[in-house]
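Report on the structure given below.
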Amino acid sequence: MTLDTAPETTAEPRAETRSFQAEVSRLLDIVAHSLYSEKEIFLRELISNASDACDRLRYAALTEPSLAEGDASYRVVLTPVKSSRTLTVADNGIGMNHDELVENLGTIARSGTAAFVSELTGDAKKDMSLIGQFGVGFYSAFMVADKVEVLSRKAGEAEGWRWTSDGKGSFTIEPAANVPRGFRIMLHIREGDEEYLDPQRIRQIVKRYSDHIALPIVLADGNKEETINVASALWTRPRSEITPEQYKEFYHHVAHSFDEPWLTLHGKAEGVLEYSFLLFVPAAKPFDLFDPERKSRLKLYVRRVFITDEGTELVPPYLRFVKGIVDSEDLPLNISREMLQSNPTLARIRQQLTRRVLSELSKKASEAPDEYATFWDNFGAVLKEGLYEDREQRDQILPLARFRSTTRDGLISLDDYIAAMRPGQEAIYTITGDNLDLLIKSPQIEGFRARGVEVLLLTDPIDEFWVTAIGAYTEKRFKSATRGGADLDKITSPDEKEKPAKPEPPAKLASLIAIFKLALGDAVKDVRSSERLTDSAVCLVADEGDVDMHLERLLKQHRQLDTTAKRILEVNPQHPLIVRLAASVGESGASEQLSEFAWLLLDQARIIEGEQLPDPPAFARRLASLLQRGLPAAA
């Protein structure tokens with residue numbers, strides 16, 4: 001690789017100046033001023049990107065050797081020049097053309113960007129951890145440089161390009177002549193950061209952060225070149241020779257993340273299948289975790305040669321938070337991405353890796369429950385997708401699941417739940433919704449709370465689907481607390497040895513319910529006396545066999561359901577309001593007033609459920625009339 005001085009531009013330059021995407025400008029402002037206490041990580045980021053570029057060209061050249069142009073000795077070269085205050089990071093990898101430079105160095109074209117930007121506060125200290133999770137890659141150069149020049153020529157193309165920016169809102173891109181293949185970044189080091197021009201300091205940084213890079217990192221100091229890293233694949237080394245710091249830095253490289261790895265899995269499979277793996281579970285939730293494509297980004301190598309990190313499906317979508325590499329000894333080097341989709345060797349590797357990851361998570365759940373609770377808060381909603389999708393691993397995933405409940409703080413397992421079931425309780429009761437605080441206050445679980453019956457609070461969209469798909473756990477069926485038959489009369493409460501005698505209902509309750517049914521007509525499926533209510537006057541429930549209410553709302557939001565199932569209005573026979581209303585049955589003019597009360601109570605139940613009122617003006621009119629009747633007459 002040649003490291004000439006900057007080449008001259010073409011005779012007729014077509015320079016163009018463009019503005020950075022707004023998100024990039026905000027990133028650059030924080031990066032340049034106060035992002036990291038250890039600025040040295042900029043070199044790690046640039047070397048990592050250079051290594052990836054070489055890996056991609058090595059793979060592309062397997063099927064199109066001309067791309068390597070006779071130069072297949074891939075490497076990264078670092079050239080500090082104190083006289084010009086420049087540090088150059090160069091590679092002979094795949095390079096970029098005009099459009100790719102604009103796309104990759106002027107915008108953040110990745111999912112999660114909107115969520116990331118919306119969470120930036122403008123307070124650098126608060127934003128540091130957010131940006132660290134998101135990753136800044138190339139933009140980290142502006143931590144130490146007040147100007148960055150990039151020269152690049154894409155493999156297989158003739159035209160080279162120069163990209164230049166001071167990181168303050170815009171960049172310039174123009175054609176450039178005599179550009180070697182690959183990517184060359186020249187950093188004009190700002191005052192105060194001269195240490196990054198010192199060869200010894202550069203050696204120290206590379207040793208700390210980039211020793212694991214599996215291609216030579218060369219320090220060009222004057223006329224002398226020196227390889228300053230081990231340049232062997234970390235995953236091929238024995239675990240006993242690898243330090244926690246080396247694992248951490250490899251995680252930063254392979255995951256392009258700045259957090260710590262929470263769990264590290266390093267091993268080798270031998271026998272019918274032979275492959276090595278080095279996998280990590282992050283400590284922090286990445287921004288693209290819920291990207292609709294649900295892609296795994298594990299890197300696939302074949303005999304130390306990088307193949308791809310797209311479409312490998314080395315783990316199922318519900319383990320997409322796992323980062324790292326898999327290196328196979330059995331796959332052909334020239335395997336295409338299309339062939340990967342149906343390769344039986346890859347399918348067996350996927351099955352074994354899935355079992356290994358789930359097994360390690362099970363150990364963590366048992367040995368470090370507090371750590372596991374943090375993992376679950378980050379990735380539980382994703383892992384539960386496997387309960388719906390993966391019948392084969394369902395029995396491994398279910399014991400890993402953790403839940404919030406109505407009776408305990410913190411997270412519990414299904415085994416914890418079953419151990420605390422009340423005498424006479426035959427089901428695992430659940431309630432689903434979007435908001436944990438609202439679920440806890442739901443009138444539908446009042447009776448459960450009164451009898452000490454625990455209800456699992458499910459707030460992830462996938463909960464509606466896996467619970468239905470599984471049906472039961474250790475012969476205890478799942479049952480929604482929002483359905484009609486709650487079977488509460490069979491369950492003994494904690495402070496009584498026998499089931500309590502039911503209090504007598506109001507004398508005219510049956511007549512009141514009949515009036516309500518007549519008044520509401522087709523607006524409800526039924527009106528009935530409730531066993532579940534203790535404090536609230538009314539609630540809506542789904543009939544047995546009907547779609548759960550929260551699921552129905554989800555499906556309607558996603559336009560997968562047009563119709564609305566009619567619900568059952570349950571009334572609390574012991575509530576003072578219901579007792580008063582029942583007592584008024586038969587009084588003069590009571591029937592019309594009770595009809596109005598029926599509609600008011602139905603709308604009240606709808607509001608509690610977070611539903612839209614079908615006729616808000618009618619509700620307002622009835623409420624105003626009721627308030628007017630309750631006020632003393634004017635003098």
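We label chains A, B, ... in the order they appear in the structure tokens, count residues from 1 in each chain, and number ligands from 1 in the order shown.
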
Item to check | Shell around segment 617-632 of chain A at 8 Å using only C-alpha atoms, local window under 4 positions removed, as a list in words | outcome: Glu596, Trp599, Leu600 and Asp603 of chain A

Could the residues in this selection be saved with N, CA and C atoms as a compact mmCIF listing (two decimals), in the first residue's frame?
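Saved result, selection33.txt, follows:
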# COMPACT_ATOMS: atom_id res chain seq x y z
N GLU A 596 -80.50 5.81 32.10
CA GLU A 596 -79.42 6.77 31.94
C GLU A 596 -78.17 6.34 32.74
N TRP A 599 -76.09 3.68 30.94
CA TRP A 599 -75.19 4.21 29.91
C TRP A 599 -73.98 4.92 30.54
N LEU A 600 -74.24 5.66 31.63
CA LEU A 600 -73.12 6.32 32.31
C LEU A 600 -72.12 5.31 32.85
N ASP A 603 -70.11 3.77 29.98
CA ASP A 603 -69.07 4.69 29.51
C ASP A 603 -67.93 4.80 30.53

Checklist entry - So which residues of segment 469-553 of chain A fall under helix (DSSP H, G or I) by DSSP, listed as a list in words? => result Ala469, Ile470, Leu488, Asp489, Lys490, Leu509, Ala510, Ser511, Leu512, Ile513, Ala514, Ile515, Phe516, Lys517, Leu518, Ala519, Leu520, Gly521, Asp522, Ala523, Met549, His550, Leu551, Glu552 and Arg553 of chain A

Item to check | Residue set, segment 190-438 of chain A restricted to strand (DSSP E), as a PyMOL selection string | outcome: chain A and resi 217-221+224-227+261-269+275-282+299-302+305-308+323-328+404-405+427-432

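The space separating atom CA of Gly137 of chain A from atom CA of Ser66 of chain A comes to 29.2 Å.
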
Next on the checklist: Using only C-alpha atoms, which protein or nucleic acid residues come within 9 Å of Ser328 of chain A? Drop anything in the same chain fewer than 5 positions from it, and give the result as a VMD selection string.
Outcome noted: chain A and resid 273 to 277 300 to 304 346 349

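The shortest atom-to-atom distance to Arg190 of chain A, with only C-alpha atoms taken into account, belongs to A:Asp166 out of A:Glu157, A:Asp166, A:Asp434, A:Asp415.
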
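Shortest atom-to-atom contact with Phe375 of chain A among A:Pro494, A:Leu414, A:Pro282, A:Arg449: A:Pro282, counting only C-alpha atoms.
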
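Taking only C-alpha atoms, the non-local environment of Met421 of chain A within 12 Å (same-chain residues fewer than 2 positions away omitted) comprises Thr407, Leu414, Asp415, Asp416, Tyr417, Ile418, Ala419, Pro423, Gly424, Gln425, Glu426, Ala427, Ile428, Tyr429, Phe448, Arg451, Gly452, Val453, Glu454, Val455, Lys476, Ile491, Thr492, Ser493 and Pro494 of chain A.
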
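Proximity to Tyr372 of chain A was assessed for A:Glu310, A:Val281, A:Arg348, A:Asp288 counting only C-alpha atoms; the smallest distance is recorded for A:Val281.
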
Next on the checklist: as a ChimeraX atom specification, please: the residues near Leu569 of chain A (cut-off 12 Å, only C-alpha atoms, same-chain neighbours under 6 positions excluded).
Outcome noted: /A:444,482-484,513,516-517,520-530,533,537-543,598-606

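Within the 6 Å cut-off around Leu151 of chain A, using only C-alpha atoms and omitting residues fewer than 2 positions from it on the same chain, the listed residues are Trp161, Arg162 and Arg184 of chain A.
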
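Atom CA of Leu509 of chain A is positioned 28.4 Å from atom CA of Lys479 of chain A.
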
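If you count only C-alpha atoms and ignore residues fewer than 4 places along the chain from Thr534 of chain A, what sits within 8 Å of it is Glu446, Gly447, Ala450, Asn572, Gln574 and His575 of chain A.
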
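Reported to one decimal place, the separation of atom CA of Asp487 of chain A from atom CA of Lys508 of chain A is 24.4 Å.
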